[in-house]
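Asks: Dropping the structure in here first, questions after.
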Amino acid sequence: MVSLCGHATLASAHILYETGEVKPEKEAIFYTASGVLKANRRKEEIELDFPATPPEKIPEPSGLTTALGVKAVYIGKSRFDYLVRVATENEVRKATPDFIKLNELGVRGVMLTSRGEGEFDFISRFFAPGAGIDEDPVTGSAHCCLGPYWGAELAKEELRAFQASARGGVLGVRLEGDRVYLTGKAVTIFQGELVI
């Protein structure tokens with residue numbers, strides 16, 4: 001079971017809005033293992049209301065930076081994952097992790113992040129071999145940790161983020177108390193029908 005999944009929540013909300021099951025001006029509400037999650041249509045985007053999972057600073061777990069092939073500036077752990085901050089955006093983009101070694105760390109995944117050097121406040125990548133995914137393209141649940149971390153670092157409540165996977169994705173991140181509001185887009189790529 002996945003406790004918190006941005007993909008599933010965004011896709012479900014998108015389809016509910018696209019099919020008219022939920023009217024554009026109404027809120028979509030989901031009852032999940034992480035409590036109540038909400039989605040709201042914001043013009044062409046959807047804003048997800050998720051719980052914050054801020055990291056706590058920890059000593060480096062054995063083999064973590066070796067598996068990532070980076071030098072850490074900060075290491076933390078959220079409810080689900082490790083967070084590793086490096087000094088530059090280039091280090092995030094160029095990292096070539098050893099997924100077998102990452103899988104041996106015993107966590108769902110590892111967030112690799114740095115401050116953004118252009119239009120984004122921060123960038124990240126998310127590796128989750130522990131969940132069967134070497135690198136996830138765009139990860140809502142990771143931003144429930146990255147948002148509070150970078151919000152505190154940059155003293156900002158609204159941030160613009162880029163997940164620098166091969167496919168990549170832009171997220172709006174807004175912080176409010178113990179909630180993280182993530183804004184993104186979804187598209188329908190195919191439709192099927194179940195015939196019984």
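Chain identifiers are assigned as A, B, and so on, following the order in which chains appear in the structure tokens; residues are numbered from 1 within each chain, and ligands are numbered from 1 in order of appearance.
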Pull the alpha helix (DSSP H) assignments for range 122-188 of chain A out of DSSP run on the backbone, and list those residues as a ChimeraX atom specification.

Replies: /A:140-154

Asks: Hey, can you spit out that residue selection with N, CA, C and O atoms as a PDB file, in the first residue's frame?

Replies:
ATOM      1  N   GLY A 140       4.864  14.069  -6.107  1.00  0.00           N
ATOM      2  CA  GLY A 140       4.142  14.954  -5.192  1.00  0.00           C
ATOM      3  C   GLY A 140       4.505  14.717  -3.742  1.00  0.00           C
ATOM      4  O   GLY A 140       4.785  15.663  -2.999  1.00  0.00           O
ATOM      5  N   SER A 141       4.537  13.451  -3.319  1.00  0.00           N
ATOM      6  CA  SER A 141       4.799  13.170  -1.902  1.00  0.00           C
ATOM      7  C   SER A 141       6.182  13.642  -1.469  1.00  0.00           C
ATOM      8  O   SER A 141       6.373  14.058  -0.328  1.00  0.00           O
ATOM      9  N   ALA A 142       7.167  13.604  -2.373  1.00  0.00           N
ATOM     10  CA  ALA A 142       8.508  14.103  -2.031  1.00  0.00           C
ATOM     11  C   ALA A 142       8.470  15.606  -1.766  1.00  0.00           C
ATOM     12  O   ALA A 142       9.192  16.121  -0.909  1.00  0.00           O
ATOM     13  N   HIS A 143       7.614  16.318  -2.483  1.00  0.00           N
ATOM     14  CA  HIS A 143       7.523  17.771  -2.298  1.00  0.00           C
ATOM     15  C   HIS A 143       6.814  18.158  -1.000  1.00  0.00           C
ATOM     16  O   HIS A 143       6.893  19.302  -0.566  1.00  0.00           O
ATOM     17  N   CYS A 144       6.166  17.184  -0.347  1.00  0.00           N
ATOM     18  CA  CYS A 144       5.611  17.425   0.987  1.00  0.00           C
ATOM     19  C   CYS A 144       6.733  17.568   2.007  1.00  0.00           C
ATOM     20  O   CYS A 144       6.540  18.129   3.090  1.00  0.00           O
ATOM     21  N   CYS A 145       7.917  17.062   1.663  1.00  0.00           N
ATOM     22  CA  CYS A 145       9.128  17.219   2.472  1.00  0.00           C
ATOM     23  C   CYS A 145       9.989  18.368   1.934  1.00  0.00           C
ATOM     24  O   CYS A 145      10.437  19.230   2.681  1.00  0.00           O
ATOM     25  N   LEU A 146      10.206  18.367   0.616  1.00  0.00           N
ATOM     26  CA  LEU A 146      11.053  19.402  -0.001  1.00  0.00           C
ATOM     27  C   LEU A 146      10.482  20.801   0.210  1.00  0.00           C
ATOM     28  O   LEU A 146      11.229  21.750   0.450  1.00  0.00           O
ATOM     29  N   GLY A 147       9.162  20.939   0.118  1.00  0.00           N
ATOM     30  CA  GLY A 147       8.532  22.248   0.300  1.00  0.00           C
ATOM     31  C   GLY A 147       8.832  22.865   1.658  1.00  0.00           C
ATOM     32  O   GLY A 147       9.354  23.989   1.737  1.00  0.00           O
ATOM     33  N   PRO A 148       8.537  22.158   2.760  1.00  0.00           N
ATOM     34  CA  PRO A 148       8.857  22.713   4.078  1.00  0.00           C
ATOM     35  C   PRO A 148      10.355  22.965   4.277  1.00  0.00           C
ATOM     36  O   PRO A 148      10.744  23.958   4.886  1.00  0.00           O
ATOM     37  N   TYR A 149      11.202  22.067   3.743  1.00  0.00           N
ATOM     38  CA  TYR A 149      12.646  22.260   3.888  1.00  0.00           C
ATOM     39  C   TYR A 149      13.084  23.548   3.195  1.00  0.00           C
ATOM     40  O   TYR A 149      13.722  24.414   3.811  1.00  0.00           O
ATOM     41  N   TRP A 150      12.742  23.690   1.911  1.00  0.00           N
ATOM     42  CA  TRP A 150      13.181  24.884   1.172  1.00  0.00           C
ATOM     43  C   TRP A 150      12.439  26.145   1.608  1.00  0.00           C
ATOM     44  O   TRP A 150      12.995  27.242   1.570  1.00  0.00           O
ATOM     45  N   GLY A 151      11.201  25.990   2.058  1.00  0.00           N
ATOM     46  CA  GLY A 151      10.476  27.144   2.586  1.00  0.00           C
ATOM     47  C   GLY A 151      11.210  27.748   3.770  1.00  0.00           C
ATOM     48  O   GLY A 151      11.364  28.974   3.869  1.00  0.00           O
ATOM     49  N   ALA A 152      11.700  26.889   4.668  1.00  0.00           N
ATOM     50  CA  ALA A 152      12.462  27.361   5.832  1.00  0.00           C
ATOM     51  C   ALA A 152      13.810  27.926   5.407  1.00  0.00           C
ATOM     52  O   ALA A 152      14.242  28.976   5.910  1.00  0.00           O
ATOM     53  N   GLU A 153      14.485  27.259   4.474  1.00  0.00           N
ATOM     54  CA  GLU A 153      15.801  27.718   4.021  1.00  0.00           C
ATOM     55  C   GLU A 153      15.736  29.076   3.323  1.00  0.00           C
ATOM     56  O   GLU A 153      16.617  29.913   3.489  1.00  0.00           O
ATOM     57  N   LEU A 154      14.699  29.282   2.532  1.00  0.00           N
ATOM     58  CA  LEU A 154      14.593  30.499   1.720  1.00  0.00           C
ATOM     59  C   LEU A 154      13.643  31.532   2.318  1.00  0.00           C
ATOM     60  O   LEU A 154      13.462  32.602   1.748  1.00  0.00           O
TER      61      LEU A 154
END

Asks: Quick one: DSSP strand (DSSP E) residues in range 15-132 of chain A, as JSON, numbers by chain?

Replies: {"A": [27, 28, 29, 30, 31, 32, 35, 36, 37, 38, 39, 40, 41, 42, 45, 46, 47, 48, 49, 50, 51, 56, 57, 74, 75, 76, 77, 81, 82, 83, 84, 85, 109, 110, 111, 112, 113, 114, 115, 122, 123, 124, 125, 126, 127, 128]}

Asks: Just N, CA and C atoms for this one: save the residues we selected as a short mmCIF file (atom, residue, chain, number, x, y, z; two decimals), in the first residue's frame.

Replies:
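The result, stored in selection-v3.cif:
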data_model
loop_
_atom_site.label_atom_id
_atom_site.label_comp_id
_atom_site.auth_asym_id
_atom_site.auth_seq_id
_atom_site.Cartn_x
_atom_site.Cartn_y
_atom_site.Cartn_z
N GLU A 27 -14.69 21.14 -4.79
CA GLU A 27 -13.50 20.48 -4.28
C GLU A 27 -13.66 18.97 -4.39
N ALA A 28 -12.63 18.28 -4.86
CA ALA A 28 -12.62 16.81 -4.84
C ALA A 28 -11.97 16.37 -3.53
N ILE A 29 -12.59 15.46 -2.82
CA ILE A 29 -12.11 15.03 -1.51
C ILE A 29 -11.84 13.53 -1.55
N PHE A 30 -10.64 13.16 -1.05
CA PHE A 30 -10.22 11.76 -1.04
C PHE A 30 -9.89 11.35 0.39
N TYR A 31 -10.38 10.17 0.81
CA TYR A 31 -10.10 9.62 2.12
C TYR A 31 -9.01 8.55 1.95
N THR A 32 -7.84 8.81 2.53
CA THR A 32 -6.66 7.99 2.23
C THR A 32 -5.95 7.54 3.51
N GLY A 35 -4.85 10.41 5.57
CA GLY A 35 -5.91 11.33 5.99
C GLY A 35 -6.66 11.88 4.78
N VAL A 36 -7.37 12.97 5.00
CA VAL A 36 -8.17 13.58 3.94
C VAL A 36 -7.26 14.41 3.05
N LEU A 37 -7.32 14.14 1.75
CA LEU A 37 -6.60 14.92 0.75
C LEU A 37 -7.63 15.61 -0.11
N LYS A 38 -7.31 16.83 -0.53
CA LYS A 38 -8.27 17.60 -1.33
C LYS A 38 -7.61 18.09 -2.60
N ALA A 39 -8.45 18.30 -3.61
CA ALA A 39 -7.98 18.85 -4.88
C ALA A 39 -8.95 19.93 -5.32
N ASN A 40 -8.39 21.00 -5.87
CA ASN A 40 -9.19 22.10 -6.39
C ASN A 40 -8.69 22.50 -7.77
N ARG A 41 -9.63 22.75 -8.65
CA ARG A 41 -9.29 23.20 -10.00
C ARG A 41 -8.87 24.66 -9.93
N ARG A 42 -7.74 24.98 -10.52
CA ARG A 42 -7.23 26.36 -10.60
C ARG A 42 -6.94 26.66 -12.06
N GLU A 45 -4.85 24.20 -14.10
CA GLU A 45 -4.07 23.37 -13.18
C GLU A 45 -4.96 22.83 -12.07
N ILE A 46 -4.40 21.89 -11.32
CA ILE A 46 -5.08 21.35 -10.15
C ILE A 46 -4.17 21.53 -8.95
N GLU A 47 -4.74 22.05 -7.87
CA GLU A 47 -3.97 22.23 -6.63
C GLU A 47 -4.36 21.12 -5.65
N LEU A 48 -3.34 20.39 -5.17
CA LEU A 48 -3.54 19.31 -4.22
C LEU A 48 -3.20 19.80 -2.81
N ASP A 49 -4.01 19.43 -1.85
CA ASP A 49 -3.82 19.78 -0.44
C ASP A 49 -3.33 18.52 0.28
N PHE A 50 -2.02 18.52 0.61
CA PHE A 50 -1.37 17.35 1.20
C PHE A 50 -0.79 17.69 2.58
N PRO A 51 -0.56 16.67 3.41
CA PRO A 51 0.11 16.92 4.70
C PRO A 51 1.60 17.17 4.51
N GLU A 56 13.91 15.83 9.31
CA GLU A 56 14.74 16.11 10.48
C GLU A 56 16.17 15.79 10.10
N LYS A 57 17.08 16.66 10.49
CA LYS A 57 18.50 16.44 10.19
C LYS A 57 18.97 15.18 10.89
N TYR A 74 23.66 18.68 3.34
CA TYR A 74 22.67 18.43 4.39
C TYR A 74 22.06 17.06 4.13
N ILE A 75 21.78 16.33 5.21
CA ILE A 75 21.06 15.06 5.11
C ILE A 75 19.96 15.06 6.15
N GLY A 76 18.76 14.74 5.70
CA GLY A 76 17.62 14.66 6.60
C GLY A 76 16.78 13.44 6.27
N LYS A 77 15.77 13.21 7.11
CA LYS A 77 14.85 12.10 6.87
C LYS A 77 13.43 12.57 7.15
N ASP A 81 11.28 9.11 3.47
CA ASP A 81 12.48 9.10 2.63
C ASP A 81 13.65 9.87 3.23
N TYR A 82 14.84 9.65 2.64
CA TYR A 82 16.00 10.49 2.94
C TYR A 82 15.99 11.72 2.02
N LEU A 83 16.47 12.83 2.54
CA LEU A 83 16.65 14.04 1.76
C LEU A 83 18.15 14.37 1.77
N VAL A 84 18.73 14.52 0.59
CA VAL A 84 20.15 14.85 0.48
C VAL A 84 20.26 16.14 -0.33
N ARG A 85 20.82 17.16 0.30
CA ARG A 85 21.05 18.44 -0.39
C ARG A 85 22.51 18.51 -0.81
N GLY A 109 12.56 5.87 -0.53
CA GLY A 109 13.28 6.60 -1.57
C GLY A 109 14.24 7.62 -1.03
N VAL A 110 14.92 8.29 -1.99
CA VAL A 110 15.91 9.32 -1.66
C VAL A 110 15.66 10.54 -2.55
N MET A 111 15.50 11.69 -1.91
CA MET A 111 15.37 12.96 -2.63
C MET A 111 16.76 13.59 -2.72
N LEU A 112 17.14 13.98 -3.91
CA LEU A 112 18.40 14.71 -4.14
C LEU A 112 18.01 16.10 -4.57
N THR A 113 18.54 17.13 -3.90
CA THR A 113 18.05 18.48 -4.16
C THR A 113 19.15 19.52 -4.03
N SER A 114 18.91 20.67 -4.64
CA SER A 114 19.76 21.85 -4.47
C SER A 114 18.90 23.08 -4.69
N ARG A 115 19.45 24.20 -4.30
CA ARG A 115 18.79 25.47 -4.61
C ARG A 115 18.82 25.66 -6.12
N PHE A 122 14.05 25.76 -6.18
CA PHE A 122 14.86 24.56 -5.93
C PHE A 122 14.56 23.53 -7.01
N ILE A 123 15.52 22.62 -7.18
CA ILE A 123 15.30 21.49 -8.08
C ILE A 123 15.53 20.21 -7.30
N SER A 124 15.07 19.11 -7.85
CA SER A 124 15.23 17.83 -7.16
C SER A 124 15.16 16.69 -8.16
N ARG A 125 15.55 15.53 -7.68
CA ARG A 125 15.29 14.26 -8.34
C ARG A 125 14.88 13.29 -7.24
N PHE A 126 14.13 12.26 -7.61
CA PHE A 126 13.64 11.31 -6.61
C PHE A 126 13.89 9.89 -7.08
N PHE A 127 14.66 9.17 -6.27
CA PHE A 127 15.03 7.79 -6.57
C PHE A 127 14.33 6.87 -5.57
N ALA A 128 13.60 5.87 -6.09
CA ALA A 128 12.82 5.01 -5.19
C ALA A 128 12.96 3.53 -5.54
#

Asks: What is the distance, in Å and to one decimal place, between CA of Glu89 in chain A and CA of Glu158 in chain A?

Replies: 19.8 Å

Asks: Just to confirm, what's the straight-line distance from CA of Leu16 in chain A to CA of Leu171 in chain A in Å (one decimal)?

Replies: 20.7 Å

Asks: Please measure the separation of CA of Gly118 in chain A and CA of Pro55 in chain A, giving the value in Å to one decimal.

Replies: 24.6 Å

Asks: Using only C-alpha atoms, determine which residues lie at most 7 Å from Val73 in chain A, disregarding the query and same-chain residues fewer than 2 positions distant; provide the list as a list of chain:residue names.

Replies: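 In the requested format, the answer is A:Lys71, A:Arg85, A:Val86, A:Ala87.
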
Asks: I need the residue nearest Ala72 in chain A from this list: A:Pro59, A:Pro137, A:Gly184, A:Gly192. Use only C-alpha atoms for the distance.

Replies: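 Ranking A:Pro59, A:Pro137, A:Gly184, A:Gly192 by distance to Ala72 in chain A, first place goes to A:Pro59.
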
Asks: Which polymer residues have any atom within 9 Å of an atom of range 98-104 of chain A, counting only C-alpha atoms, with same-chain residues fewer than 5 positions away left out, as a list in words?

Replies: Gly63, Leu64, Thr66, Ala67, Leu68, Gly69, Gly109, Val110, Phe127, Ala128, Pro129, Gly130, Ala131, Gly132 and Asp134 of chain A
